[in-house]
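K.L.:
I'd like to ask some things about the structure below.
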Amino acid sequence: MIIKNLTKKYGEVQAVKDLNLNIEDKEFVVLLGPSGCGKTTALLCIAGLLIPDKGEIRFDDKVVTNPERGVYLRPQERGVAMVFQDYALYPHMTVFKNIAFPLEVRGISKSEIEKKVKKTAELLGISQLLGRKPKQLSGGQRQRVALGRAIVREPKIFLMDEPLANLDAKLRVFMRVELKKLHQRLGTTTVYVTHDQVEAMSLGDNVAVLKDGVLQQVSTPAELYETPKNTFVAGFIGSPPMNMLEGNLVEKDGQLMIDLGGNTFELPPQMRESVKQAEGSSVTLGFRPEHTTLAGKRKENAIEAKVEMIEAIGREAHVHLTVGNYPVVAVTSPAEDLTVGKIAWIVLEKEKIHVFDGKSGKILA
Amino acid sequence: MNTRVVVTRIVLYILLIFFVFVFLLPFWACIVTSLKTDADVFTTTPIELPPSPTMAPWMRALNALGRPLEISFAFTAFATIFSCLIGSINGYVFSKMKFRGSNILFLFFSIGIFIPYQCVLIPLVLTMARLGLYNNVVALILTHTVYGIPICTLLFRNFYKEVPNSLVMAAKTEGAGTWRIYRSIILPLSVSMFVVAAVLQFTSIWNDFLFGLVLLSGSNLPASVVLANLKGTTTVSWNTLMAGSVWFALPVVIVYLVLGRYLIRGYMAGAVKG
């Protein structure tokens with residue numbers, strides 16, 4: 001599937017702006033972003049439930065949407081199946097009827113429908129629920145029925161709009177794994193919309209991060225985590241998110257450093273060339289909470305910080321500190337000997353730090 | 001319960017019983033009078049029990065109203081079905097399909113509710129005459145259907161607003177066209193609304209006097225008009241008139257009795273989630 005320059009406006013609000021995305025066959029792609037970033041709009045355009053203002057969508061070689069050329073295939077002609085956040089089960093039909101509906105619409109014979117519905121129900125473990133109405137089902141069961149209705153007709157593409165958002169935390173994790181397994185088994189190309197970065201990272205072969213209708217970055221989850229293209233992606237991916245400290249570039253004795261106001265941090269020499277590309281002198285130093293160690297004593301090139309709070313959450317501890325006015329989180333072992341209110345020194349893993357342009361937010365090194 | 005609450009309760013119930021009495025008095029008078037002989041009507045007060053009960057006025061009224069009731073029933077039934085069906089389709093379009101000017105169009109539809117019957121009387125009669133439908137029941141079916149569309153459209157549109165859009169979107173992606181979605185999803189979900197709209201339409205069309213009076217004549221007059229004519233010109237045969245009133249009111253009462261529980265459910269629809 002290829003999406004080219006997709007643009008959609010609601011009145012004055014630009015929901016999606018010049019979105020370009022190539023989705024390979026059998027790929028699981030996640031559209032990730034905060035609410036109102038245009039991810040659902042993009043999905044509805046793919047489904048044909050919304051007509052974009054500009055741009056083109058192609059399935060294989062077939063153009064399904066191109067408003068400039070007057071091409072628009074109705075949703076029923078596209079061969080896509082969609083799972084909605086509220087499941088959109090037909091309340092007056094039994095589970096069997098719900099799953100059978102897309103087949104009935106296609107005029108498939110009764111015996112064939114019966115066979116396919118039963119097979120699908122078995123695959124999802126809902127065979128015993130076929131006679132019930134949606135009202136009599138739990139959230140997780142409804143979710144499965146919605147999935148069943150989507151997969152029963154073996155569509156070319158699955159579209160999923162926050163399908164796990166209405167489940168409780170424990171069930172969400174469970175269904176996430178189920179979804180992944182299902183995708184591995186069926187191998188259907190899937191576009192999945194979510195605002196939950198953990199869901200995105202665990203499910204997606206590729207993740208597309210959107211903000212205000214603009215695509216920020218498309219990469220594998222690992223790449224997104226290791227080399228975010230800008231401060232938005234850096235701050236959105238990871239839990240707790242990346243720490244960012246604003247500062248100014250200074251050069252002393254041939255060494256490039258960031259003046260953080262009270263602290264200076266010496267950049268590794270190999271970063272020198274790329275960091276010098278910065279538009280001005282203002283830059284943002286980014287480092288992940290898990291790539292730090294805390295020391296009780298002053299250390300070379302460490303950043304001085306004040307310990308504000310310690311959250312011991314079992315396996316690890318999240319230490320909340322302040323550097324100047326900026327909050328910083330460090331993930332350490334719970335055994336670390338730190339005192340709230342005292343000074344600590346943050347030691348960074350030099351290979352794991354990032355420097356962003358202070359103006360544009362783009363990554364420099 | 002303290003005494004104050006008890007006293008308020010007692011006063012309240014006395015008041016309520018009094019009002020029940022006041023409201024039921026005409027019905028009582030109607031029924032007892034309909035069972036009196038011609039002579040008794042004039043020798044007793046309207047609320048007194050009949051000294052020698054008789055069914056004769058009932059038979060007389062039925063004789064006069066038999067065919068008019070059939071005519072009334074025919075156009076009321078058809079016009080009710082048509083206006084509800086069309087209203088439901090309109091409501092589906094206005095609630096689930098946004099198109100250019102749909103809000104303005106809906107506004108015009110809603111204005112239709114406020115057009116008084118009297119306004120359209122002359123053009124209506126002329127149009128029907130030109131169509132060759134004057135003194136034809138079809139004219140009344142047509143008129144009442146058209147007059148019922150605005151209110152039915154409004155009712156169904158508001159009802160369908162509560163149906164999640166995702167249901168329609170899901171059906172679309174699953175391959176269903178507009179009609180299929182209406183038939184398989186929207187229609188089965190709106191049974192309760194159909195009952196509400198049908199009861200409203202049935203009652204108002206059944207009770208209509210004006211359209212029946214001007215569009216039909218002679219042996220084709222509907223029951224509402226014939227009932228008024230039962231009064232006669234010089235003397236009033238009260239017992240026959242009252243018996244006729246009971247006959248005339250019966251279908252509406254039956255509709256309410258049969259569909260009453262759906263009615264309450266329909267009025268409540270959307271008020272409570274789940």
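Quick note on naming: the chains in the structure tokens go A, B, ... in the order shown, residues restart at 1 in each chain, and ligands are numbered from 1 in order of appearance.
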I'd like the neighbourhood of region 231-247 of chain A as an MDAnalysis selection string, where a residue qualifies if any of its atoms comes within 6 Å (using only C-alpha atoms), though same-chain residues fewer than 5 positions away should be ignored.

P.N.:
chainID A and resid 258:260 282:288 328 361

K.L.:
Using only C-alpha atoms, I'd like a table of the residues in chain A that come within 10 Å of chain B; for each, show the closest atom pair and its distance in Å rounded to one decimal, ordered by chain and ascending number, as CSV.

P.N.:
residue,atom,partner,partner_atom,distance
A:Leu44,CA,B:Met169,CA,9.3
A:Ala47,CA,B:Thr173,CA,6.9
A:Gly48,CA,B:Thr173,CA,8.1
A:Leu49,CA,B:Met169,CA,6.8
A:Arg74,CA,B:Lys172,CA,8.4
A:Pro75,CA,B:Thr173,CA,4.9
A:Gln76,CA,B:Gly175,CA,3.8
A:Glu77,CA,B:Gly175,CA,6.9
A:Arg78,CA,B:Thr173,CA,7.8
A:Gly79,CA,B:Thr173,CA,7.7
A:Val80,CA,B:Thr173,CA,6.4
A:Ala81,CA,B:Thr173,CA,5.9
A:Met82,CA,B:Ala170,CA,6.6
A:Val83,CA,B:Ala170,CA,7.7
A:Phe84,CA,B:Ser166,CA,6.9
A:Gln85,CA,B:Ser166,CA,8.7
A:Asp86,CA,B:Ser166,CA,7.6
A:Tyr87,CA,B:Ser166,CA,8.0
A:Ala88,CA,B:Leu167,CA,4.8
A:Leu89,CA,B:Leu167,CA,6.8
A:Tyr90,CA,B:Leu167,CA,6.7
A:Pro91,CA,B:Leu189,CA,7.9
A:His92,CA,B:Leu189,CA,6.7
A:Met93,CA,B:Ile185,CA,9.0
A:Phe101,CA,B:Glu174,CA,7.8
A:Pro102,CA,B:Glu174,CA,5.0
A:Leu103,CA,B:Glu174,CA,8.4
A:Glu104,CA,B:Ala176,CA,9.4
A:Val105,CA,B:Ala176,CA,6.0
A:Arg106,CA,B:Gly175,CA,7.3
A:Lys135,CA,B:Gly274,CA,8.6
A:Ala146,CA,B:Ala170,CA,9.7
A:Arg149,CA,B:Glu174,CA,8.6
A:Ala150,CA,B:Glu174,CA,7.9
A:Arg153,CA,B:Glu174,CA,8.8
A:Pro155,CA,B:Glu174,CA,9.5
A:Leu159,CA,B:Thr173,CA,10.0

K.L.:
Which residues are close to Leu221 (chain B), i.e. within 8 Å by only C-alpha atoms, leaving aside same-chain residues fewer than 5 positions away? Reply as a PyMOL selection string.

P.N.:
chain B and resi 68+71+212-213+216+226

K.L.:
Can those selected residues be exported to a file as a PDB file, in the first residue's frame so that it contains N, CA and C atoms?

P.N.:
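Below you can see again.pdb, which holds the result:
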ATOM      1  N   PRO B  68     -67.779   4.585   7.484  1.00  0.00           N
ATOM      2  CA  PRO B  68     -66.797   5.645   7.769  1.00  0.00           C
ATOM      3  C   PRO B  68     -65.610   5.156   8.602  1.00  0.00           C
ATOM      4  N   ILE B  71     -63.289   3.395   6.325  1.00  0.00           N
ATOM      5  CA  ILE B  71     -62.524   4.354   5.508  1.00  0.00           C
ATOM      6  C   ILE B  71     -61.426   5.002   6.349  1.00  0.00           C
ATOM      7  N   GLY B 212     -60.324  15.388   6.159  1.00  0.00           N
ATOM      8  CA  GLY B 212     -61.380  14.448   5.799  1.00  0.00           C
ATOM      9  C   GLY B 212     -62.615  15.186   5.298  1.00  0.00           C
ATOM     10  N   LEU B 213     -62.900  16.308   5.963  1.00  0.00           N
ATOM     11  CA  LEU B 213     -64.086  17.083   5.618  1.00  0.00           C
ATOM     12  C   LEU B 213     -63.975  17.676   4.218  1.00  0.00           C
ATOM     13  N   LEU B 216     -62.994  14.573   1.157  1.00  0.00           N
ATOM     14  CA  LEU B 216     -63.949  13.498   0.870  1.00  0.00           C
ATOM     15  C   LEU B 216     -65.363  14.046   1.022  1.00  0.00           C
ATOM     16  N   VAL B 226     -68.343  12.066  10.110  1.00  0.00           N
ATOM     17  CA  VAL B 226     -69.665  11.459  10.265  1.00  0.00           C
ATOM     18  C   VAL B 226     -70.112  11.534  11.720  1.00  0.00           C
TER      19      VAL B 226
END

K.L.:
Using only C-alpha atoms, which residues sit within 12 Å of Leu200 (chain B) once same-chain residues fewer than 2 positions away are excluded, as a PyMOL selection string?

P.N.:
chain B and resi 76+79-81+83-84+148+151-152+155+193-198+202-207+252+255-256+259-260+263+266-267

K.L.:
Point out the residue among A:Asn66, A:Thr190, A:Asn230, A:Gln141 with the least atom-to-atom distance to Gln216 (chain A), counting only C-alpha atoms.

P.N.:
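Closest to Gln216 (chain A), using only C-alpha atoms: A:Asn230.
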
K.L.:
Could you please write out, as a list in words, every residue of region 137-216 of chain A that DSSP assigns to strand (DSSP E or B)?

P.N.:
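So the strand (DSSP E or B) residues in region 137-216 of chain A would be Ile157, Phe158, Leu159, Met160, Asp161, Thr189, Thr190, Val191, Tyr192, Val193, Thr194, Asn206, Val207, Ala208, Val209, Leu210, Lys211, Val214, Leu215 and Gln216 of chain A.
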
K.L.:
What does the file look like for those residues with C-alpha atoms, as an mmCIF file, in the first residue's frame?

P.N.:
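The result, written out as again19.cif:
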data_model
loop_
_atom_site.group_PDB
_atom_site.id
_atom_site.type_symbol
_atom_site.label_atom_id
_atom_site.label_comp_id
_atom_site.auth_asym_id
_atom_site.auth_seq_id
_atom_site.Cartn_x
_atom_site.Cartn_y
_atom_site.Cartn_z
ATOM 1 C CA ILE A 157 -5.799 -5.213 4.651
ATOM 2 C CA PHE A 158 -6.760 -4.831 8.311
ATOM 3 C CA LEU A 159 -7.350 -1.393 9.704
ATOM 4 C CA MET A 160 -7.505 -1.054 13.457
ATOM 5 C CA ASP A 161 -8.492 2.111 15.263
ATOM 6 C CA THR A 189 -1.136 -6.317 6.050
ATOM 7 C CA THR A 190 -2.248 -4.278 9.035
ATOM 8 C CA VAL A 191 -2.471 -0.573 9.763
ATOM 9 C CA TYR A 192 -2.951 0.020 13.448
ATOM 10 C CA VAL A 193 -3.722 3.333 15.088
ATOM 11 C CA THR A 194 -2.847 4.012 18.716
ATOM 12 C CA ASN A 206 7.297 -0.199 11.512
ATOM 13 C CA VAL A 207 5.967 2.720 13.481
ATOM 14 C CA ALA A 208 4.945 6.032 11.947
ATOM 15 C CA VAL A 209 4.914 8.880 14.450
ATOM 16 C CA LEU A 210 2.550 11.744 13.682
ATOM 17 C CA LYS A 211 2.155 15.155 15.241
ATOM 18 C CA VAL A 214 2.605 15.808 9.999
ATOM 19 C CA LEU A 215 4.640 12.628 9.799
ATOM 20 C CA GLN A 216 7.653 12.898 12.103
#

K.L.:
Let me make sure I understand: among A:Lys229, A:Lys97, A:Arg132, A:His318, which one has the smallest atom-to-atom distance to Glu336 (chain A) if we use only C-alpha atoms?

P.N.:
A:His318

K.L.:
Quick one: residues within 12 Å of Lys161 (chain B), only C-alpha atoms, excluding same-chain residues fewer than 4 positions away - as a PDB file with C-alpha atoms, in the first residue's frame?

P.N.:
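As written to disk, selection33.pdb reads:
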ATOM      1  CA  GLY B  91     -33.889  10.388   9.467  1.00  0.00           C
ATOM      2  CA  TYR B  92     -31.210   7.892   8.459  1.00  0.00           C
ATOM      3  CA  VAL B  93     -29.978  10.191   5.698  1.00  0.00           C
ATOM      4  CA  PHE B  94     -30.013  13.311   7.870  1.00  0.00           C
ATOM      5  CA  SER B  95     -28.251  11.647  10.794  1.00  0.00           C
ATOM      6  CA  LYS B  96     -25.678   9.479   9.031  1.00  0.00           C
ATOM      7  CA  MET B  97     -24.926  11.085   5.680  1.00  0.00           C
ATOM      8  CA  THR B 153     -38.147  12.714  10.069  1.00  0.00           C
ATOM      9  CA  LEU B 154     -37.333  14.735  13.167  1.00  0.00           C
ATOM     10  CA  LEU B 155     -38.121  11.849  15.518  1.00  0.00           C
ATOM     11  CA  PHE B 156     -36.086   9.299  13.575  1.00  0.00           C
ATOM     12  CA  ARG B 157     -33.208  11.649  12.899  1.00  0.00           C
ATOM     13  CA  ASN B 165     -21.517   6.107  13.554  1.00  0.00           C
ATOM     14  CA  SER B 166     -19.021   3.291  13.845  1.00  0.00           C
ATOM     15  CA  LEU B 167     -21.847   0.782  13.238  1.00  0.00           C
ATOM     16  CA  VAL B 168     -22.521   2.356   9.859  1.00  0.00           C
ATOM     17  CA  ILE B 186     -30.712   0.713  11.050  1.00  0.00           C
ATOM     18  CA  SER B 190     -35.396   1.334  15.433  1.00  0.00           C
ATOM     19  CA  ALA B 269     -34.588   5.483  24.435  1.00  0.00           C
ATOM     20  CA  GLY B 270     -31.405   7.460  24.482  1.00  0.00           C
TER      21      GLY B 270
END

K.L.:
Just the number, please: distance in Å from CA of Leu19 (chain A) to CA of Gln197 (chain A), one decimal.

P.N.:
19.9 Å

K.L.:
Report the residues of region 102-240 of chain B whose backbone DSSP state falls under alpha helix (DSSP H), written as a ChimeraX atom specification.

P.N.:
/B:102-111,117-130,137-161,165-173,178-181,187-189,191-207,210-215,223-229,238-240

K.L.:
Save the residues we just selected, C-alpha atoms, as a short mmCIF file (atom, residue, chain, number, x, y, z; two decimals), in the first residue's frame?

P.N.:
data_model
loop_
_atom_site.label_atom_id
_atom_site.label_comp_id
_atom_site.auth_asym_id
_atom_site.auth_seq_id
_atom_site.Cartn_x
_atom_site.Cartn_y
_atom_site.Cartn_z
CA SER B 102 -28.14 18.92 4.57
CA ASN B 103 -28.59 21.13 7.62
CA ILE B 104 -30.60 23.73 5.69
CA LEU B 105 -32.71 20.99 4.14
CA PHE B 106 -33.36 19.49 7.54
CA LEU B 107 -34.41 22.91 8.80
CA PHE B 108 -36.97 23.14 5.99
CA PHE B 109 -38.25 19.70 6.90
CA SER B 110 -38.66 20.76 10.51
CA ILE B 111 -40.54 23.92 9.53
CA TYR B 117 -53.68 22.56 8.12
CA GLN B 118 -55.84 25.59 7.31
CA CYS B 119 -53.02 27.28 5.36
CA VAL B 120 -52.89 24.67 2.66
CA LEU B 121 -56.57 23.85 2.44
CA ILE B 122 -57.51 25.62 -0.81
CA PRO B 123 -54.42 24.73 -2.85
CA LEU B 124 -54.65 21.20 -1.48
CA VAL B 125 -58.23 20.70 -2.62
CA LEU B 126 -57.50 22.27 -6.02
CA THR B 127 -54.42 20.09 -6.52
CA MET B 128 -56.23 16.92 -5.54
CA ALA B 129 -59.14 17.81 -7.81
CA ARG B 130 -56.77 18.34 -10.71
CA VAL B 137 -59.23 7.88 -0.08
CA VAL B 138 -55.84 8.01 -1.82
CA ALA B 139 -55.95 11.80 -1.52
CA LEU B 140 -56.18 11.50 2.24
CA ILE B 141 -53.41 8.89 2.40
CA LEU B 142 -51.18 11.18 0.36
CA THR B 143 -51.97 14.30 2.37
CA HIS B 144 -51.51 12.69 5.76
CA THR B 145 -48.31 10.95 4.64
CA VAL B 146 -46.82 14.24 3.49
CA TYR B 147 -48.01 16.03 6.62
CA GLY B 148 -46.52 13.31 8.79
CA ILE B 149 -43.09 13.27 7.15
CA PRO B 150 -41.63 16.32 8.98
CA ILE B 151 -42.39 15.11 12.50
CA CYS B 152 -41.38 11.53 11.67
CA THR B 153 -38.15 12.71 10.07
CA LEU B 154 -37.33 14.73 13.17
CA LEU B 155 -38.12 11.85 15.52
CA PHE B 156 -36.09 9.30 13.58
CA ARG B 157 -33.21 11.65 12.90
CA ASN B 158 -32.83 12.35 16.61
CA PHE B 159 -33.15 8.66 17.39
CA TYR B 160 -30.50 7.67 14.84
CA LYS B 161 -28.13 10.33 16.16
CA ASN B 165 -21.52 6.11 13.55
CA SER B 166 -19.02 3.29 13.84
CA LEU B 167 -21.85 0.78 13.24
CA VAL B 168 -22.52 2.36 9.86
CA MET B 169 -18.81 2.66 9.08
CA ALA B 170 -18.22 -0.96 10.02
CA ALA B 171 -21.07 -2.13 7.80
CA LYS B 172 -19.69 -0.04 4.95
CA THR B 173 -16.21 -1.54 5.17
CA THR B 178 -26.62 2.22 1.80
CA TRP B 179 -29.83 0.19 1.45
CA ARG B 180 -28.34 -2.91 2.93
CA ILE B 181 -27.15 -0.93 5.95
CA LEU B 187 -34.22 -0.69 10.63
CA PRO B 188 -33.95 -3.51 13.19
CA LEU B 189 -32.48 -1.07 15.71
CA VAL B 191 -38.38 -0.86 16.32
CA SER B 192 -39.10 1.13 19.46
CA MET B 193 -38.95 4.41 17.57
CA PHE B 194 -41.33 3.01 14.97
CA VAL B 195 -43.83 2.25 17.71
CA VAL B 196 -43.60 5.77 19.12
CA ALA B 197 -43.91 7.40 15.70
CA ALA B 198 -46.71 5.07 14.66
CA VAL B 199 -48.77 5.75 17.78
CA LEU B 200 -48.35 9.50 17.35
CA GLN B 201 -49.22 9.35 13.68
CA PHE B 202 -52.12 6.97 14.12
CA THR B 203 -53.70 9.15 16.78
CA SER B 204 -53.35 12.42 14.94
CA ILE B 205 -54.47 11.06 11.56
CA TRP B 206 -57.37 9.15 13.07
CA ASN B 207 -58.59 12.22 14.93
CA LEU B 210 -60.44 19.04 8.53
CA PHE B 211 -58.70 17.14 5.72
CA GLY B 212 -61.38 14.45 5.80
CA LEU B 213 -64.09 17.08 5.62
CA VAL B 214 -62.69 18.90 2.60
CA LEU B 215 -61.17 16.07 0.58
CA ALA B 223 -65.60 8.61 10.85
CA SER B 224 -64.50 11.87 12.48
CA VAL B 225 -66.75 13.88 10.17
CA VAL B 226 -69.67 11.46 10.27
CA LEU B 227 -69.51 11.45 14.06
CA ALA B 228 -69.93 15.22 14.10
CA ASN B 229 -72.84 14.89 11.68
CA TRP B 238 -77.20 12.27 22.76
CA ASN B 239 -77.20 8.55 23.37
CA THR B 240 -76.31 7.75 19.75
#

K.L.:
For Glu154 (chain A), which residue among A:Ser111, A:Lys180, A:Ile46, A:Thr120 is the nearest when counting only C-alpha atoms?

P.N.:
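Nearest to Glu154 (chain A): A:Thr120.
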
K.L.:
Given only C-alpha atoms as the basis, pick out the residue of A:Ala365, A:Val177, A:Leu182, A:Leu31 nearest to Lys350 (chain A).

P.N.:
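Closest to Lys350 (chain A) of all the choices is A:Ala365.
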
K.L.:
In Å, how far is it from CA of Leu249 (chain A) to CA of Gly296 (chain A)?

P.N.:
27.1 Å

K.L.:
Any idea what's packed within 10 Å of Glu273 (chain A), counting only C-alpha atoms, ignoring anything in its chain fewer than 3 positions away? Could you give it as a PDB file with N, CA and C atoms, in the first residue's frame?

P.N.:
ATOM      1  N   LEU A 256      34.299  20.878  22.424  1.00  0.00           N
ATOM      2  CA  LEU A 256      32.928  21.360  22.283  1.00  0.00           C
ATOM      3  C   LEU A 256      32.132  20.968  23.526  1.00  0.00           C
ATOM      4  N   PRO A 269      34.345  13.852  21.098  1.00  0.00           N
ATOM      5  CA  PRO A 269      34.944  14.490  19.916  1.00  0.00           C
ATOM      6  C   PRO A 269      34.289  14.056  18.604  1.00  0.00           C
ATOM      7  N   GLN A 270      33.817  12.816  18.505  1.00  0.00           N
ATOM      8  CA  GLN A 270      33.252  12.365  17.225  1.00  0.00           C
ATOM      9  C   GLN A 270      31.936  13.074  16.889  1.00  0.00           C
ATOM     10  N   LYS A 276      28.159  20.908  15.098  1.00  0.00           N
ATOM     11  CA  LYS A 276      28.460  22.269  14.637  1.00  0.00           C
ATOM     12  C   LYS A 276      27.498  22.739  13.540  1.00  0.00           C
ATOM     13  N   GLN A 277      26.690  21.790  13.008  1.00  0.00           N
ATOM     14  CA  GLN A 277      25.701  22.149  11.998  1.00  0.00           C
ATOM     15  C   GLN A 277      24.537  22.943  12.594  1.00  0.00           C
ATOM     16  N   ALA A 278      24.472  23.046  13.904  1.00  0.00           N
ATOM     17  CA  ALA A 278      23.342  23.724  14.553  1.00  0.00           C
ATOM     18  C   ALA A 278      23.140  25.122  14.004  1.00  0.00           C
ATOM     19  N   LEU A 364      20.956  16.395  15.746  1.00  0.00           N
ATOM     20  CA  LEU A 364      22.260  16.757  15.166  1.00  0.00           C
ATOM     21  C   LEU A 364      23.208  15.573  15.305  1.00  0.00           C
ATOM     22  N   ALA A 365      23.217  14.994  16.474  1.00  0.00           N
ATOM     23  CA  ALA A 365      24.097  13.842  16.703  1.00  0.00           C
ATOM     24  C   ALA A 365      23.471  12.948  17.755  1.00  0.00           C
TER      25      ALA A 365
END

K.L.:
Mind giving me the straight-line distance from CA of Ala305 (chain A) to CA of Ala317 (chain A) in Å, one decimal?

P.N.:
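So the two atoms, CA of Ala305 (chain A) and CA of Ala317 (chain A), lie 16.7 Å apart.
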